[in-house]
>>> print(open('model-v8.cif').read())   # mmCIF, C-alpha atoms
data_work
loop_
_atom_site.label_atom_id
_atom_site.label_comp_id
_atom_site.auth_asym_id
_atom_site.auth_seq_id
_atom_site.Cartn_x
_atom_site.Cartn_y
_atom_site.Cartn_z
CA MET A 1 -27.06 -24.29 93.95
CA GLU A 2 -25.54 -23.94 90.51
CA THR A 3 -25.36 -20.14 90.57
CA PRO A 4 -21.83 -18.94 91.43
CA VAL A 5 -21.61 -17.29 94.84
CA ASN A 6 -20.54 -13.93 93.47
CA LYS A 7 -23.57 -13.88 91.14
CA ARG A 8 -26.26 -14.71 93.70
CA VAL A 9 -27.34 -11.15 94.51
CA GLU A 10 -27.74 -10.44 90.80
CA TRP A 11 -29.56 -13.78 90.48
CA VAL A 12 -32.25 -12.88 93.02
CA TYR A 13 -32.56 -9.33 91.67
CA SER A 14 -33.37 -10.77 88.25
CA ALA A 15 -36.37 -12.81 89.46
CA LYS A 16 -39.45 -11.98 87.37
CA THR A 17 -42.21 -13.05 89.77
CA ASN A 18 -42.73 -13.43 93.50
CA ARG A 19 -42.85 -17.20 93.02
CA GLU A 20 -39.46 -17.17 91.32
CA LEU A 21 -38.04 -14.81 93.95
CA CYS A 22 -39.33 -17.07 96.73
CA ASP A 23 -37.85 -20.18 95.10
CA ARG A 24 -34.45 -18.52 94.70
CA TYR A 25 -34.34 -17.38 98.31
CA ASP A 26 -35.44 -20.85 99.44
CA GLN A 27 -32.48 -22.30 97.57
CA TRP A 28 -30.07 -19.73 98.99
CA ALA A 29 -31.36 -19.68 102.57
CA LYS A 30 -28.84 -22.01 104.23
CA ASP A 31 -25.81 -20.24 102.74
CA TYR A 32 -27.25 -16.73 102.63
CA GLU A 33 -25.64 -15.16 105.69
CA GLN A 34 -22.23 -16.73 105.12
CA ASP A 35 -22.25 -15.61 101.49
CA LEU A 36 -23.24 -12.03 102.33
CA THR A 37 -20.54 -11.75 104.97
CA GLU A 38 -17.65 -13.58 103.31
CA THR A 39 -18.28 -12.93 99.62
CA PHE A 40 -20.07 -9.60 99.60
CA GLY A 41 -18.66 -7.95 102.74
CA ARG A 42 -21.87 -7.24 104.61
CA PRO A 43 -21.36 -5.04 107.73
CA GLN A 44 -21.49 -6.70 111.12
CA ARG A 45 -24.15 -4.17 112.10
CA GLU A 46 -26.09 -1.66 110.02
CA PRO A 47 -27.30 1.87 110.91
CA ILE A 48 -30.93 0.74 111.02
CA VAL A 49 -30.22 -0.72 114.46
CA ASP A 50 -29.11 2.58 115.98
CA LEU A 51 -31.98 4.47 114.35
CA THR A 52 -34.42 1.96 115.82
CA LEU A 53 -32.82 2.48 119.22
CA LYS A 54 -33.15 6.24 118.75
CA TYR A 55 -36.88 6.25 118.04
CA VAL A 56 -38.40 2.99 119.31
CA SER A 57 -38.71 1.94 122.95
CA LYS A 58 -37.45 -1.46 124.05
CA ASP A 59 -40.96 -2.65 124.95
CA ALA A 60 -42.29 -1.90 121.46
CA HIS A 61 -43.95 -4.51 119.29
CA ILE A 62 -41.98 -4.50 116.04
CA LEU A 63 -42.76 -6.05 112.67
CA ASP A 64 -39.60 -7.07 110.84
CA ALA A 65 -40.87 -6.91 107.27
CA GLY A 66 -38.91 -9.04 104.81
CA ALA A 67 -36.99 -10.52 107.71
CA GLY A 68 -35.02 -13.02 105.65
CA THR A 69 -32.82 -15.17 107.86
CA GLY A 70 -33.39 -12.86 110.82
CA THR A 71 -30.15 -10.91 110.94
CA LEU A 72 -31.89 -7.64 111.80
CA GLY A 73 -34.03 -9.38 114.37
CA GLN A 74 -30.90 -10.82 115.95
CA TRP A 75 -29.32 -7.36 116.13
CA LEU A 76 -32.46 -5.88 117.69
CA TYR A 77 -32.84 -8.74 120.13
CA GLY A 78 -29.25 -8.19 121.20
CA GLU A 79 -30.21 -4.60 122.06
CA GLY A 80 -33.06 -5.72 124.30
CA TYR A 81 -36.07 -5.81 121.96
CA ARG A 82 -38.22 -8.83 122.80
CA HIS A 83 -41.50 -8.30 120.95
CA LEU A 84 -40.44 -9.08 117.40
CA VAL A 85 -42.58 -10.56 114.63
CA ALA A 86 -41.12 -11.64 111.29
CA VAL A 87 -42.71 -11.86 107.86
CA ASP A 88 -41.04 -12.96 104.63
CA LEU A 89 -42.16 -14.48 101.35
CA SER A 90 -39.61 -17.33 101.63
CA PRO A 91 -40.35 -20.22 103.99
CA GLY A 92 -36.74 -21.30 103.64
CA MET A 93 -35.46 -17.97 104.90
CA LEU A 94 -38.00 -17.95 107.75
CA ALA A 95 -36.84 -21.43 108.77
CA GLU A 96 -33.32 -20.06 109.19
CA ALA A 97 -34.68 -17.03 111.08
CA GLN A 98 -36.60 -19.27 113.46
CA LYS A 99 -33.37 -20.97 114.50
CA LYS A 100 -32.19 -17.69 116.03
CA GLN A 101 -35.05 -17.79 118.55
CA VAL A 102 -35.48 -14.03 118.57
CA TYR A 103 -38.99 -13.74 117.08
CA GLN A 104 -42.24 -14.35 118.90
CA GLN A 105 -43.96 -15.29 115.64
CA LEU A 106 -42.88 -15.83 112.04
CA TYR A 107 -45.29 -15.72 109.11
CA PRO A 108 -44.95 -16.33 105.36
CA MET A 109 -46.43 -13.18 103.80
CA VAL A 110 -45.72 -11.21 100.65
CA LEU A 111 -45.03 -7.48 100.93
CA GLY A 112 -47.26 -5.65 98.46
CA ASP A 113 -50.16 -8.01 99.20
CA PRO A 114 -52.65 -7.52 102.07
CA LEU A 115 -51.03 -8.41 105.39
CA ASP A 116 -52.91 -10.64 107.79
CA PHE A 117 -52.65 -8.26 110.76
CA LYS A 118 -55.21 -5.97 112.31
CA THR A 119 -54.89 -2.24 111.71
CA ALA A 120 -52.53 -0.49 114.17
CA THR A 121 -50.99 -3.72 115.49
CA PHE A 122 -47.33 -2.66 115.72
CA ASP A 123 -45.45 0.18 117.39
CA ALA A 124 -42.85 0.09 114.62
CA VAL A 125 -41.96 -1.60 111.35
CA THR A 126 -38.41 -2.31 110.24
CA ALA A 127 -37.22 -3.48 106.83
CA CYS A 128 -33.56 -3.94 105.91
CA GLY A 129 -32.50 -4.72 102.34
CA VAL A 130 -36.10 -5.30 101.27
CA PHE A 131 -36.83 -2.35 98.98
CA THR A 132 -34.60 -2.82 95.96
CA TYR A 133 -34.66 -4.10 92.40
CA GLY A 134 -37.05 -6.99 91.84
CA HIS A 135 -38.25 -7.13 95.43
CA ALA A 136 -41.07 -5.60 97.47
CA PRO A 137 -42.99 -2.93 95.51
CA SER A 138 -43.68 0.60 96.67
CA ARG A 139 -47.34 -0.24 97.29
CA ALA A 140 -46.15 -2.32 100.25
CA PHE A 141 -45.92 0.92 102.21
CA ASP A 142 -49.72 1.24 102.28
CA GLU A 143 -50.12 -1.97 104.26
CA LEU A 144 -47.07 -1.31 106.43
CA ILE A 145 -48.52 2.06 107.38
CA ARG A 146 -51.90 0.47 108.07
CA VAL A 147 -50.53 -2.08 110.53
CA THR A 148 -48.43 0.57 112.34
CA LYS A 149 -49.99 2.41 115.27
CA PRO A 150 -50.56 6.16 114.90
CA GLY A 151 -47.36 7.87 115.99
CA GLY A 152 -45.36 4.71 115.34
CA TYR A 153 -42.28 4.50 113.15
CA LEU A 154 -41.41 2.86 109.85
CA ILE A 155 -37.65 2.42 109.52
CA PHE A 156 -36.23 0.93 106.35
CA THR A 157 -33.31 0.91 103.95
CA LEU A 158 -33.30 1.84 100.28
CA ARG A 159 -30.63 1.76 97.62
CA PRO A 160 -30.09 5.43 96.69
CA ASP A 161 -29.89 4.59 92.98
CA PHE A 162 -33.09 2.56 93.19
CA TYR A 163 -34.87 5.37 95.03
CA GLU A 164 -33.95 7.87 92.32
CA HIS A 165 -34.85 5.65 89.37
CA SER A 166 -37.99 3.85 90.52
CA ASP A 167 -41.51 4.75 91.60
CA PHE A 168 -40.42 4.78 95.26
CA LYS A 169 -39.52 8.47 95.23
CA PRO A 170 -42.95 9.70 94.04
CA LYS A 171 -44.76 7.09 96.16
CA MET A 172 -43.01 8.17 99.35
CA ALA A 173 -43.65 11.83 98.54
CA ASP A 174 -47.31 11.09 97.83
CA LEU A 175 -47.70 9.45 101.25
CA VAL A 176 -46.26 12.62 102.80
CA ASN A 177 -48.67 14.76 100.77
CA GLN A 178 -51.56 12.59 101.96
CA SER A 179 -50.38 13.22 105.56
CA ARG A 180 -50.12 9.49 106.11
CA TRP A 181 -46.55 9.74 107.36
CA THR A 182 -43.88 12.36 108.06
CA LEU A 183 -40.16 12.09 107.32
CA THR A 184 -38.29 12.04 110.63
CA GLU A 185 -34.73 11.27 109.55
CA GLN A 186 -32.80 10.30 106.43
CA GLY A 187 -29.47 8.67 107.10
CA ALA A 188 -26.35 9.08 105.01
CA PRO A 189 -25.59 6.45 102.35
CA TYR A 190 -23.33 3.68 103.62
CA LEU A 191 -21.46 0.82 102.03
CA ALA A 192 -23.56 -2.31 102.53
CA GLU A 193 -21.55 -4.69 100.34
CA ALA A 194 -17.86 -3.93 100.07
CA LYS A 195 -16.63 -7.08 98.32
CA GLY A 196 -19.08 -7.53 95.48
CA GLU A 197 -18.36 -6.84 91.83
CA THR A 198 -19.88 -3.40 92.36
CA ASN A 199 -20.07 -1.59 95.68
CA LEU A 200 -23.63 -1.55 96.97
CA TYR A 201 -24.80 1.40 99.05
CA LEU A 202 -27.89 1.67 101.22
CA GLN A 203 -29.56 4.56 102.98
CA THR A 204 -31.85 4.36 106.01
CA TRP A 205 -35.12 6.28 106.19
CA VAL A 206 -37.28 6.95 109.26
CA PHE A 207 -40.91 7.95 108.88
CA GLN A 208 -43.49 8.48 111.61
CA LYS A 209 -47.11 7.53 110.96
CA ASN A 210 -49.31 10.53 111.43
CA THR A 211 -51.70 10.35 114.36
CA SER A 212 -54.71 11.21 112.19
CA TRP A 213 -54.50 7.80 110.46
#
>>> encode(input="model-v8.cif", output="structure tokens")
Amino acid sequence: METPVNKRVEWVYSAKTNRELCDRYDQWAKDYEQDLTETFGRPQREPIVDLTLKYVSKDAHILDAGAGTGTLGQWLYGEGYRHLVAVDLSPGMLAEAQKKQVYQQLYPMVLGDPLDFKTATFDAVTACGVFTYGHAPSRAFDELIRVTKPGGYLIFTLRPDFYEHSDFKPKMADLVNQSRWTLTEQGAPYLAEAKGETNLYLQTWVFQKNTSW
């Protein structure tokens, strides 16, 4: 890769199409975790794990949406979750995730497009670092809600600045107004990258799919 390590997050954020985003993650896949940890100061464990433990039983079937190299899946597996399915747009990232041997299945799928799962397949959906600039669009929530069982949970991170200055805020509110999901918990912002050129904060959200859907 020609892109300097300290510019790689900015590099993927600047992708203009899903094809370009996929290609950039494919190129970065083998070095991705090491770069995030050593160069950007990624936490050894993020709050999404404890919030999953709080709301989702260990025997749950969980979709890890935008799984990347499988870091979240590895954290969840370490806590006793065994029914994990990964989707990501990048085959290169999924190849790295598969090496961890924590997922039952891994599929190349694009968030924001129709997902090839039956309605109400999963007890919960998790997504860490997926909803941000230049990545999965807010319309992805419609499909993620569809594939979640009534009463199941959708647990995901958002950049607070992105939430405030994108269409995610009105989209999430609209889904509440439609009674498709209910806000269960909103975590405090936390430092997700401490060593980058600018500190990057994330916030974890927990929604429960309403039983009428």
>>> axis_aligned_box(input="model-v8.cif", around="range 66-75 of chain A", padding_each_side="3 Å", output="AutoDock Vina command-line options")
--center_x -34.1 --center_y -11.3 --center_z 110.5 --size_x 15.6 --size_y 13.8 --size_z 17.3
>>> atom_distance(input="model-v8.cif", atom1="CA of Thr52 in chain A", atom2="CA of Trp205 in chain A")
10.6 Å
>>> resolve_selection(input="model-v8.cif", expression="the PyMOL selection byres ((chain A and resi 184) around 9)", output="MDAnalysis selection string")
chainID A and resid 153 182:183 185:186 205:208
>>> closest_residue(input="model-v8.cif", among="A:Glu20, A:Asp174, A:Glu46, A:Asp26", to="Leu72 in chain A", atoms="all atoms listed in the file")
A:Glu46
>>> residues_around(input="model-v8.cif", residues="range 107-109 of chain A", least_positions_apart="4", cutoff="12 Å", atoms="only C-alpha atoms", output="ChimeraX atom specification")
/A:18,22,63-68,84-95,97-98,103,113-117,136,140,143
>>> write_last_selection(input="model-v8.cif", atoms="C-alpha atoms", output="PDB file, in the coordinates of the input")
ATOM      1  CA  ASN A  18     -42.730 -13.430  93.500  1.00  0.00           C
ATOM      2  CA  CYS A  22     -39.330 -17.070  96.730  1.00  0.00           C
ATOM      3  CA  LEU A  63     -42.760  -6.050 112.670  1.00  0.00           C
ATOM      4  CA  ASP A  64     -39.600  -7.070 110.840  1.00  0.00           C
ATOM      5  CA  ALA A  65     -40.870  -6.910 107.270  1.00  0.00           C
ATOM      6  CA  GLY A  66     -38.910  -9.040 104.810  1.00  0.00           C
ATOM      7  CA  ALA A  67     -36.990 -10.520 107.710  1.00  0.00           C
ATOM      8  CA  GLY A  68     -35.020 -13.020 105.650  1.00  0.00           C
ATOM      9  CA  LEU A  84     -40.440  -9.080 117.400  1.00  0.00           C
ATOM     10  CA  VAL A  85     -42.580 -10.560 114.630  1.00  0.00           C
ATOM     11  CA  ALA A  86     -41.120 -11.640 111.290  1.00  0.00           C
ATOM     12  CA  VAL A  87     -42.710 -11.860 107.860  1.00  0.00           C
ATOM     13  CA  ASP A  88     -41.040 -12.960 104.630  1.00  0.00           C
ATOM     14  CA  LEU A  89     -42.160 -14.480 101.350  1.00  0.00           C
ATOM     15  CA  SER A  90     -39.610 -17.330 101.630  1.00  0.00           C
ATOM     16  CA  PRO A  91     -40.350 -20.220 103.990  1.00  0.00           C
ATOM     17  CA  GLY A  92     -36.740 -21.300 103.640  1.00  0.00           C
ATOM     18  CA  MET A  93     -35.460 -17.970 104.900  1.00  0.00           C
ATOM     19  CA  LEU A  94     -38.000 -17.950 107.750  1.00  0.00           C
ATOM     20  CA  ALA A  95     -36.840 -21.430 108.770  1.00  0.00           C
ATOM     21  CA  ALA A  97     -34.680 -17.030 111.080  1.00  0.00           C
ATOM     22  CA  GLN A  98     -36.600 -19.270 113.460  1.00  0.00           C
ATOM     23  CA  TYR A 103     -38.990 -13.740 117.080  1.00  0.00           C
ATOM     24  CA  ASP A 113     -50.160  -8.010  99.200  1.00  0.00           C
ATOM     25  CA  PRO A 114     -52.650  -7.520 102.070  1.00  0.00           C
ATOM     26  CA  LEU A 115     -51.030  -8.410 105.390  1.00  0.00           C
ATOM     27  CA  ASP A 116     -52.910 -10.640 107.790  1.00  0.00           C
ATOM     28  CA  PHE A 117     -52.650  -8.260 110.760  1.00  0.00           C
ATOM     29  CA  ALA A 136     -41.070  -5.600  97.470  1.00  0.00           C
ATOM     30  CA  ALA A 140     -46.150  -2.320 100.250  1.00  0.00           C
ATOM     31  CA  GLU A 143     -50.120  -1.970 104.260  1.00  0.00           C
TER      32      GLU A 143
END
>>> atom_distance(input="model-v8.cif", atom1="CA of Asp123 in chain A", atom2="CA of Pro189 in chain A")
25.7 Å
>>> atom_distance(input="model-v8.cif", atom1="CA of Thr71 in chain A", atom2="CA of Asp35 in chain A")
13.2 Å
>>> closest_residue(input="model-v8.cif", among="A:Phe156, A:Phe131, A:Tyr55, A:Tyr190", to="Thr204 in chain A", atoms="all atoms listed in the file")
A:Phe156
